[in-house]
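J.: Next comes model08.cif, mmCIF, C-alpha atoms:
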data_structure
loop_
_atom_site.label_atom_id
_atom_site.label_comp_id
_atom_site.auth_asym_id
_atom_site.auth_seq_id
_atom_site.Cartn_x
_atom_site.Cartn_y
_atom_site.Cartn_z
CA MET A 1 -14.26 0.73 4.14
CA GLU A 2 -11.14 2.84 4.50
CA TYR A 3 -7.80 1.07 4.37
CA PHE A 4 -6.32 0.43 7.78
CA LYS A 5 -3.42 2.52 9.11
CA ILE A 6 -0.05 0.82 8.66
CA ASN A 7 2.38 1.49 11.49
CA SER A 8 6.14 1.51 11.20
CA LEU A 9 7.99 -1.51 12.57
CA TRP A 10 9.18 0.31 15.70
CA LYS A 11 7.91 3.03 17.99
CA ARG A 12 9.42 6.50 17.71
CA ASN A 13 11.21 8.69 20.22
CA GLY A 14 8.76 11.54 19.82
CA TRP A 15 11.25 14.33 19.13
CA TYR A 16 9.02 15.46 16.25
CA PHE A 17 6.59 16.91 18.82
CA ASP A 18 9.34 19.33 19.94
CA GLN A 19 9.77 22.02 17.26
CA ASP A 20 13.25 23.02 18.45
CA LYS A 21 14.50 19.46 18.23
CA LYS A 22 12.73 18.94 14.92
CA ASN A 23 14.70 21.80 13.39
CA SER A 24 18.02 20.76 14.93
CA PRO A 25 20.54 19.03 12.60
CA ASP A 26 21.69 16.93 15.56
CA TYR A 27 18.28 15.35 15.91
CA GLN A 28 17.53 15.25 12.19
CA ALA A 29 20.75 13.42 11.29
CA GLY A 30 19.78 10.12 9.68
CA ARG A 31 16.13 10.60 10.64
CA GLN A 32 16.76 7.98 13.33
CA SER A 33 13.66 8.69 15.38
CA PHE A 34 12.97 4.98 15.91
CA ILE A 35 13.32 3.19 19.21
CA ILE A 36 15.04 0.19 17.66
CA GLY A 37 13.65 -3.09 18.98
CA ASP A 38 10.55 -1.53 20.60
CA TYR A 39 7.81 -2.75 18.26
CA SER A 40 4.87 -0.47 17.50
CA GLU A 41 2.72 -3.61 17.84
CA PRO A 42 4.03 -6.34 20.19
CA GLU A 43 2.77 -9.05 17.84
CA PHE A 44 5.43 -8.10 15.28
CA GLY A 45 8.09 -9.79 17.40
CA ASN A 46 6.31 -13.15 17.15
CA ILE A 47 6.51 -13.39 13.35
CA ILE A 48 9.55 -15.07 11.74
CA LYS A 49 8.85 -14.66 8.01
CA TRP A 50 7.40 -11.66 6.21
CA ARG A 51 6.20 -11.21 2.65
CA VAL A 52 7.62 -7.94 1.39
CA ASP A 53 6.19 -5.63 -1.29
CA GLU A 54 7.48 -2.33 -2.62
CA LYS A 55 5.76 0.73 -1.16
CA ILE A 56 4.71 3.14 -3.94
CA ASP A 57 4.76 6.90 -3.43
CA GLY A 58 1.34 7.87 -4.76
CA THR A 59 -2.17 8.63 -3.56
CA ASN A 60 -4.31 5.98 -1.90
CA ILE A 61 -7.26 4.81 -4.01
CA ARG A 62 -10.23 2.55 -3.25
CA ILE A 63 -12.41 1.03 -5.95
CA HIS A 64 -15.62 -0.05 -4.25
CA TYR A 65 -18.03 -2.47 -5.94
CA LYS A 66 -21.40 -3.48 -4.48
CA CYS A 67 -23.94 -5.93 -5.83
CA GLU A 68 -26.42 -6.93 -3.14
CA ASN A 69 -29.21 -7.69 -5.62
CA PRO A 70 -28.42 -10.76 -7.81
CA ASP A 71 -30.66 -9.36 -10.52
CA SER A 72 -28.58 -6.16 -10.72
CA ILE A 73 -25.15 -5.50 -12.15
CA GLY A 74 -24.31 -3.48 -9.04
CA SER A 75 -22.66 -0.12 -8.38
CA LEU A 76 -19.11 1.21 -8.53
CA GLU A 77 -17.44 4.07 -6.61
CA PHE A 78 -13.96 5.57 -6.73
CA LYS A 79 -12.64 6.94 -3.44
CA GLY A 80 -9.41 8.21 -1.95
CA ARG A 81 -7.79 7.48 1.42
CA THR A 82 -10.92 8.85 3.14
CA ASP A 83 -14.45 9.37 1.88
CA ASN A 84 -13.83 13.12 1.64
CA ALA A 85 -10.48 12.89 -0.15
CA GLN A 86 -10.35 14.50 -3.59
CA ILE A 87 -9.06 12.40 -6.49
CA PRO A 88 -7.03 14.37 -9.09
CA PRO A 89 -9.19 14.79 -12.24
CA HIS A 90 -6.68 13.14 -14.59
CA LEU A 91 -6.45 10.12 -12.28
CA LEU A 92 -10.23 9.89 -11.88
CA LYS A 93 -10.65 9.79 -15.66
CA HIS A 94 -8.14 6.96 -15.88
CA LEU A 95 -10.01 5.01 -13.21
CA GLN A 96 -13.36 5.52 -14.93
CA ASP A 97 -11.90 4.41 -18.27
CA THR A 98 -10.15 1.36 -16.78
CA PHE A 99 -12.73 -0.06 -14.36
CA THR A 100 -16.30 -0.76 -15.40
CA LEU A 101 -19.28 -2.43 -13.75
CA GLU A 102 -19.21 -5.10 -16.44
CA LYS A 103 -15.62 -6.04 -15.53
CA PHE A 104 -16.42 -6.36 -11.84
CA TYR A 105 -19.65 -8.28 -12.42
CA LYS A 106 -17.75 -10.76 -14.61
CA GLU A 107 -14.77 -11.12 -12.24
CA PHE A 108 -16.80 -11.30 -9.01
CA PRO A 109 -20.14 -12.84 -10.08
CA GLU A 110 -21.16 -13.99 -6.57
CA ALA A 111 -19.67 -11.18 -4.49
CA LYS A 112 -21.87 -8.70 -2.64
CA GLU A 113 -19.02 -6.31 -1.89
CA VAL A 114 -15.50 -5.92 -3.27
CA ILE A 115 -12.85 -3.28 -2.61
CA LEU A 116 -9.65 -2.94 -4.61
CA TYR A 117 -6.97 -1.02 -2.74
CA GLY A 118 -4.08 0.57 -4.56
CA GLU A 119 -2.10 3.69 -5.37
CA GLY A 120 -2.75 6.24 -8.04
CA TYR A 121 0.68 7.17 -9.34
CA GLY A 122 2.40 8.93 -12.18
CA PRO A 123 2.79 12.56 -13.39
CA LYS A 124 1.39 15.26 -11.08
CA ILE A 125 0.98 12.77 -8.21
CA GLN A 126 3.65 13.40 -5.57
CA SER A 127 6.94 15.05 -6.51
CA CYS A 128 8.42 11.79 -7.80
CA GLY A 129 5.36 10.68 -9.76
CA GLY A 130 6.81 11.51 -13.17
CA ASN A 131 9.74 9.19 -12.51
CA TYR A 132 7.48 6.15 -12.23
CA ARG A 133 5.82 6.48 -15.62
CA LYS A 134 4.81 8.91 -18.38
CA ASP A 135 1.09 8.57 -17.79
CA VAL A 136 -1.07 8.33 -14.69
CA SER A 137 -2.19 4.88 -13.59
CA PHE A 138 -3.40 2.64 -10.76
CA ILE A 139 -1.31 -0.06 -9.09
CA LEU A 140 -3.01 -2.69 -6.92
CA PHE A 141 -1.81 -3.88 -3.51
CA ASP A 142 -4.80 -5.47 -1.74
CA ILE A 143 -8.29 -6.87 -2.32
CA TRP A 144 -11.11 -7.31 0.19
CA VAL A 145 -14.10 -9.49 -0.78
CA ASN A 146 -17.16 -10.07 1.42
CA GLY A 147 -15.17 -9.53 4.62
CA TRP A 148 -12.08 -11.50 3.59
CA TRP A 149 -8.59 -10.28 2.66
CA LEU A 150 -7.40 -12.23 -0.38
CA MET A 151 -4.05 -14.00 -0.48
CA ARG A 152 -1.26 -12.66 -2.68
CA LEU A 153 -1.68 -15.36 -5.34
CA SER A 154 -5.36 -14.51 -5.76
CA VAL A 155 -4.60 -10.77 -5.88
CA ARG A 156 -2.00 -11.40 -8.59
CA GLU A 157 -4.36 -13.55 -10.68
CA ILE A 158 -7.18 -11.01 -10.46
CA SER A 159 -4.83 -8.17 -11.44
CA LYS A 160 -3.89 -10.10 -14.59
CA ARG A 161 -7.49 -10.75 -15.56
CA LEU A 162 -8.41 -7.09 -14.98
CA GLY A 163 -5.33 -5.95 -16.91
CA ILE A 164 -3.93 -3.78 -14.11
CA ASP A 165 -0.53 -3.50 -12.44
CA ILE A 166 0.27 -4.95 -9.02
CA VAL A 167 2.95 -3.66 -6.65
CA PRO A 168 6.30 -5.47 -7.10
CA GLU A 169 6.88 -8.36 -4.72
CA ILE A 170 10.37 -8.37 -3.22
CA GLY A 171 10.16 -11.76 -1.54
CA ILE A 172 9.92 -13.64 1.75
CA MET A 173 12.36 -12.24 4.30
CA THR A 174 13.14 -12.07 8.01
CA GLU A 175 12.95 -8.79 9.93
CA ASN A 176 16.74 -8.37 9.93
CA GLU A 177 16.92 -9.03 6.20
CA ILE A 178 14.22 -6.43 5.56
CA VAL A 179 15.97 -3.77 7.66
CA GLU A 180 19.28 -4.34 5.87
CA TYR A 181 17.51 -4.24 2.52
CA VAL A 182 15.86 -0.90 3.30
CA LYS A 183 19.18 0.50 4.59
CA SER A 184 20.81 -0.41 1.25
CA LYS A 185 18.67 2.29 -0.46
CA PRO A 186 17.33 0.00 -3.23
CA LEU A 187 15.99 1.42 -6.46
CA SER A 188 12.29 1.17 -7.26
CA ASN A 189 11.31 -1.93 -9.23
CA CYS A 190 8.55 -0.15 -11.14
CA SER A 191 10.07 3.24 -11.91
CA MET A 192 10.74 4.31 -15.49
CA ASN A 193 13.55 6.63 -14.33
CA PRO A 194 15.87 5.23 -11.63
CA GLN A 195 14.93 6.49 -8.19
CA MET A 196 15.24 5.24 -4.63
CA MET A 197 12.37 3.05 -3.53
CA GLU A 198 9.99 4.81 -1.14
CA GLY A 199 10.05 1.83 1.18
CA ILE A 200 8.52 -1.56 1.87
CA ILE A 201 5.32 -3.07 3.22
CA ALA A 202 5.78 -6.30 5.20
CA ARG A 203 2.93 -8.74 5.78
CA SER A 204 3.10 -11.83 7.97
CA GLU A 205 3.69 -15.02 6.01
CA PRO A 206 1.31 -16.77 6.13
CA LEU A 207 -1.15 -13.91 6.55
CA VAL A 208 -2.61 -13.54 10.04
CA CYS A 209 -4.86 -10.85 11.50
CA PHE A 210 -5.37 -9.07 14.79
CA ARG A 211 -8.58 -9.82 16.71
CA ASN A 212 -10.26 -6.82 15.03
CA GLY A 213 -9.60 -8.32 11.58
CA LYS A 214 -6.74 -5.99 10.64
CA PRO A 215 -3.88 -7.89 8.94
CA VAL A 216 -0.52 -7.97 10.72
CA VAL A 217 1.40 -5.50 8.54
CA TRP A 218 4.13 -2.88 9.01
CA LYS A 219 6.18 -0.50 6.91
CA LEU A 220 9.64 1.02 6.65
CA LYS A 221 10.67 3.95 4.47
CA CYS A 222 14.10 4.20 2.90
CA LYS A 223 14.43 7.87 3.80
CA GLU A 224 14.37 6.92 7.48
CA PHE A 225 17.87 5.55 6.96
CA THR A 226 19.45 8.08 4.58
#
Can you dump the structure from the file as structure tokens?
T.:
Amino acid sequence: MEYFKINSLWKRNGWYFDQDKKNSPDYQAGRQSFIIGDYSEPEFGNIIKWRVDEKIDGTNIRIHYKCENPDSIGSLEFKGRTDNAQIPPHLLKHLQDTFTLEKFYKEFPEAKEVILYGEGYGPKIQSCGGNYRKDVSFILFDIWVNGWWLMRLSVREISKRLGIDIVPEIGIMTENEIVEYVKSKPLSNCSMNPQMMEGIIARSEPLVCFRNGKPVVWKLKCKEFT
């Protein structure tokens, strides 16, 4: 299952469809393409508190475990954002060395299907990858088990037992607090060399989902306000 698309908090003006405006400094100034206050999903306006995580600038990775036969140890696949996405060879090797069937079978002994969602990040992954760390790695941000999205506490505990990183948690904030935080151009909390945070991911607190099962989540990027 591919990870769901995360929309920005607000809708956009749409100038980016007009090439002349896109190349004009007047329209590019501040990258303020948002229609402030016009939510990309109307439900966003009904949420008071949001749990905020740092958004990592990497490549989306899915680690897919299946074990439908209780007498089997199951199967394991490594995938990118889509099923056809190519994973960089040095990242794929790291994933294969880090995650094994034995680890998943031990951690999820009764699960028929598990997906770890995260970012591959580090050298040769995005232009800023070498600032995060000296070696390539995987950082976890979500876990789906048998049709259920796990709560943050469970995700954190599983990450510790598997010995993998989890995206930094910034805290519980209101929408206005989040916007002001992003505008302040904060530094990344997991970068070896100081660099501006890519942005934030905000999830409803407590977690709620749309009728189709997609969690109520949005994003903001720091560069939108620079």
J.: Using the chain letters and numbers from the file, which residues does the PyMOL selection byres ((chain A and resi 174-187) around 10) grab, as a count of residues only?
T.: 34
J.: In terms of the shortest atom-to-atom distance over all atoms listed in the file, which of A:Trp10, A:Glu113, A:Ile139, A:Glu54 is closest to A:Ser33?
T.: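 Counting all atoms listed in the file, the residue closest to A:Ser33 is A:Trp10.
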J.: As a check of understanding, name the residues that the PyMOL selection byres ((chain A and resi 109) around 12) selects in the supplied structure, as a PDB file with C-alpha atoms, keeping the file's coordinate frame.
T.:
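Okay, out_25.pdb is ready:
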ATOM      1  CA  TYR A  65     -18.030  -2.470  -5.940  1.00  0.00           C
ATOM      2  CA  LYS A  66     -21.400  -3.480  -4.480  1.00  0.00           C
ATOM      3  CA  CYS A  67     -23.940  -5.930  -5.830  1.00  0.00           C
ATOM      4  CA  GLU A  68     -26.420  -6.930  -3.140  1.00  0.00           C
ATOM      5  CA  ASN A  69     -29.210  -7.690  -5.620  1.00  0.00           C
ATOM      6  CA  PRO A  70     -28.420 -10.760  -7.810  1.00  0.00           C
ATOM      7  CA  ASP A  71     -30.660  -9.360 -10.520  1.00  0.00           C
ATOM      8  CA  SER A  72     -28.580  -6.160 -10.720  1.00  0.00           C
ATOM      9  CA  ILE A  73     -25.150  -5.500 -12.150  1.00  0.00           C
ATOM     10  CA  GLY A  74     -24.310  -3.480  -9.040  1.00  0.00           C
ATOM     11  CA  LEU A 101     -19.280  -2.430 -13.750  1.00  0.00           C
ATOM     12  CA  GLU A 102     -19.210  -5.100 -16.440  1.00  0.00           C
ATOM     13  CA  LYS A 103     -15.620  -6.040 -15.530  1.00  0.00           C
ATOM     14  CA  PHE A 104     -16.420  -6.360 -11.840  1.00  0.00           C
ATOM     15  CA  TYR A 105     -19.650  -8.280 -12.420  1.00  0.00           C
ATOM     16  CA  LYS A 106     -17.750 -10.760 -14.610  1.00  0.00           C
ATOM     17  CA  GLU A 107     -14.770 -11.120 -12.240  1.00  0.00           C
ATOM     18  CA  PHE A 108     -16.800 -11.300  -9.010  1.00  0.00           C
ATOM     19  CA  GLU A 110     -21.160 -13.990  -6.570  1.00  0.00           C
ATOM     20  CA  ALA A 111     -19.670 -11.180  -4.490  1.00  0.00           C
ATOM     21  CA  LYS A 112     -21.870  -8.700  -2.640  1.00  0.00           C
ATOM     22  CA  GLU A 113     -19.020  -6.310  -1.890  1.00  0.00           C
ATOM     23  CA  VAL A 114     -15.500  -5.920  -3.270  1.00  0.00           C
ATOM     24  CA  VAL A 145     -14.100  -9.490  -0.780  1.00  0.00           C
TER      25      VAL A 145
END
J.: If we count only C-alpha atoms, what is near A:Met1 at a cut-off of 10 Å, once residues fewer than 3 positions away on the same chain are taken out, given as a ChimeraX atom specification?
T.: /A:4,62,64,79,81-83,115,144
J.: Give me, please, the distance in Å between atom CA of A:Asp38 and atom CA of A:Glu169, quoted to one decimal.
T.: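 Computed distance, atom CA of A:Asp38 to atom CA of A:Glu169, equals 26.5 Å.
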J.: For the structure shown, which residues end up in the PyMOL selection byres ((chain A and resi 216) around 12)? Put them as a PyMOL selection string, please?
T.: chain A and resi 4-9+40-47+49-51+149+201-215+217-219
J.: To one decimal in Å, tell me the separation between atom CA of A:Gly118 and atom CA of A:Asn131.
T.: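 Computing the Euclidean distance for atom CA of A:Gly118 and atom CA of A:Asn131 yields 18.1 Å.
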J.: Can you work out the spacing between atom CA of A:Tyr39 and atom CA of A:Lys11 in Å, to one decimal?
T.: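 Calculated distance between atom CA of A:Tyr39 and atom CA of A:Lys11 is 5.8 Å.
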J.: Rebuild N, CA and C atoms on stretch 164-200 of chain A, as a tab-separated table (two decimals), in the coordinates of the input?
T.:
chain	number	residue	atom	x	y	z
A	164	ILE	N	-4.49	-4.89	-14.88
A	164	ILE	CA	-3.93	-3.78	-14.11
A	164	ILE	C	-2.62	-4.21	-13.44
A	165	ASP	N	-1.81	-3.23	-13.08
A	165	ASP	CA	-0.53	-3.50	-12.44
A	165	ASP	C	-0.73	-3.88	-10.97
A	166	ILE	N	0.25	-4.61	-10.43
A	166	ILE	CA	0.27	-4.95	-9.02
A	166	ILE	C	1.64	-4.55	-8.47
A	167	VAL	N	1.69	-4.13	-7.21
A	167	VAL	CA	2.95	-3.66	-6.65
A	167	VAL	C	4.00	-4.78	-6.71
A	168	PRO	N	5.26	-4.45	-6.99
A	168	PRO	CA	6.30	-5.47	-7.10
A	168	PRO	C	6.49	-6.21	-5.78
A	169	GLU	N	6.61	-7.53	-5.89
A	169	GLU	CA	6.88	-8.36	-4.72
A	169	GLU	C	8.38	-8.56	-4.60
A	170	ILE	N	8.93	-8.26	-3.44
A	170	ILE	CA	10.37	-8.37	-3.22
A	170	ILE	C	10.75	-9.77	-2.76
A	171	GLY	N	9.90	-10.39	-1.95
A	171	GLY	CA	10.16	-11.76	-1.54
A	171	GLY	C	9.82	-12.03	-0.09
A	172	ILE	N	10.14	-13.23	0.38
A	172	ILE	CA	9.92	-13.64	1.75
A	172	ILE	C	11.22	-13.41	2.51
A	173	MET	N	11.16	-12.63	3.59
A	173	MET	CA	12.36	-12.24	4.30
A	173	MET	C	12.13	-12.22	5.81
A	174	THR	N	13.22	-12.26	6.57
A	174	THR	CA	13.14	-12.07	8.01
A	174	THR	C	13.19	-10.57	8.31
A	175	GLU	N	12.90	-10.21	9.54
A	175	GLU	CA	12.95	-8.79	9.93
A	175	GLU	C	14.33	-8.20	9.69
A	176	ASN	N	15.38	-8.90	10.11
A	176	ASN	CA	16.74	-8.37	9.93
A	176	ASN	C	17.08	-8.20	8.46
A	177	GLU	N	16.65	-9.14	7.64
A	177	GLU	CA	16.92	-9.03	6.20
A	177	GLU	C	16.20	-7.82	5.60
A	178	ILE	N	14.99	-7.58	6.07
A	178	ILE	CA	14.22	-6.43	5.56
A	178	ILE	C	14.91	-5.13	5.94
A	179	VAL	N	15.32	-5.00	7.20
A	179	VAL	CA	15.97	-3.77	7.66
A	179	VAL	C	17.24	-3.50	6.86
A	180	GLU	N	18.04	-4.52	6.64
A	180	GLU	CA	19.28	-4.34	5.87
A	180	GLU	C	18.97	-3.98	4.43
A	181	TYR	N	17.91	-4.55	3.89
A	181	TYR	CA	17.51	-4.24	2.52
A	181	TYR	C	17.11	-2.77	2.40
A	182	VAL	N	16.30	-2.29	3.33
A	182	VAL	CA	15.86	-0.90	3.30
A	182	VAL	C	17.05	0.04	3.48
A	183	LYS	N	17.98	-0.33	4.35
A	183	LYS	CA	19.18	0.50	4.59
A	183	LYS	C	20.06	0.59	3.34
A	184	SER	N	19.97	-0.40	2.46
A	184	SER	CA	20.81	-0.41	1.25
A	184	SER	C	20.34	0.59	0.19
A	185	LYS	N	19.22	1.29	0.45
A	185	LYS	CA	18.67	2.29	-0.46
A	185	LYS	C	18.39	1.70	-1.86
A	186	PRO	N	17.60	0.65	-1.93
A	186	PRO	CA	17.33	0.00	-3.23
A	186	PRO	C	16.56	0.92	-4.16
A	187	LEU	N	16.73	0.67	-5.45
A	187	LEU	CA	15.99	1.42	-6.46
A	187	LEU	C	14.60	0.81	-6.63
A	188	SER	N	13.65	1.64	-7.01
A	188	SER	CA	12.29	1.17	-7.26
A	188	SER	C	12.29	0.13	-8.38
A	189	ASN	N	11.45	-0.89	-8.22
A	189	ASN	CA	11.31	-1.93	-9.23
A	189	ASN	C	10.28	-1.61	-10.30
A	190	CYS	N	9.59	-0.48	-10.16
A	190	CYS	CA	8.55	-0.15	-11.14
A	190	CYS	C	8.66	1.29	-11.59
A	191	SER	N	9.86	1.84	-11.53
A	191	SER	CA	10.07	3.24	-11.91
A	191	SER	C	10.75	3.33	-13.27
A	192	MET	N	10.17	4.11	-14.16
A	192	MET	CA	10.74	4.31	-15.49
A	192	MET	C	12.12	4.95	-15.40
A	193	ASN	N	12.26	5.99	-14.58
A	193	ASN	CA	13.55	6.63	-14.33
A	193	ASN	C	14.07	6.15	-12.98
A	194	PRO	N	15.34	5.76	-12.88
A	194	PRO	CA	15.87	5.23	-11.63
A	194	PRO	C	15.66	6.20	-10.47
A	195	GLN	N	15.10	5.70	-9.40
A	195	GLN	CA	14.93	6.49	-8.19
A	195	GLN	C	14.87	5.55	-6.99
A	196	MET	N	15.26	6.06	-5.83
A	196	MET	CA	15.24	5.24	-4.63
A	196	MET	C	13.82	4.81	-4.31
A	197	MET	N	13.67	3.57	-3.94
A	197	MET	CA	12.37	3.05	-3.53
A	197	MET	C	11.85	3.85	-2.33
A	198	GLU	N	10.53	4.11	-2.29
A	198	GLU	CA	9.99	4.81	-1.14
A	198	GLU	C	10.15	3.98	0.13
A	199	GLY	N	9.94	2.70	0.01
A	199	GLY	CA	10.05	1.83	1.18
A	199	GLY	C	9.42	0.48	0.91
A	200	ILE	N	9.10	-0.22	1.99
A	200	ILE	CA	8.52	-1.56	1.87
A	200	ILE	C	7.29	-1.68	2.76
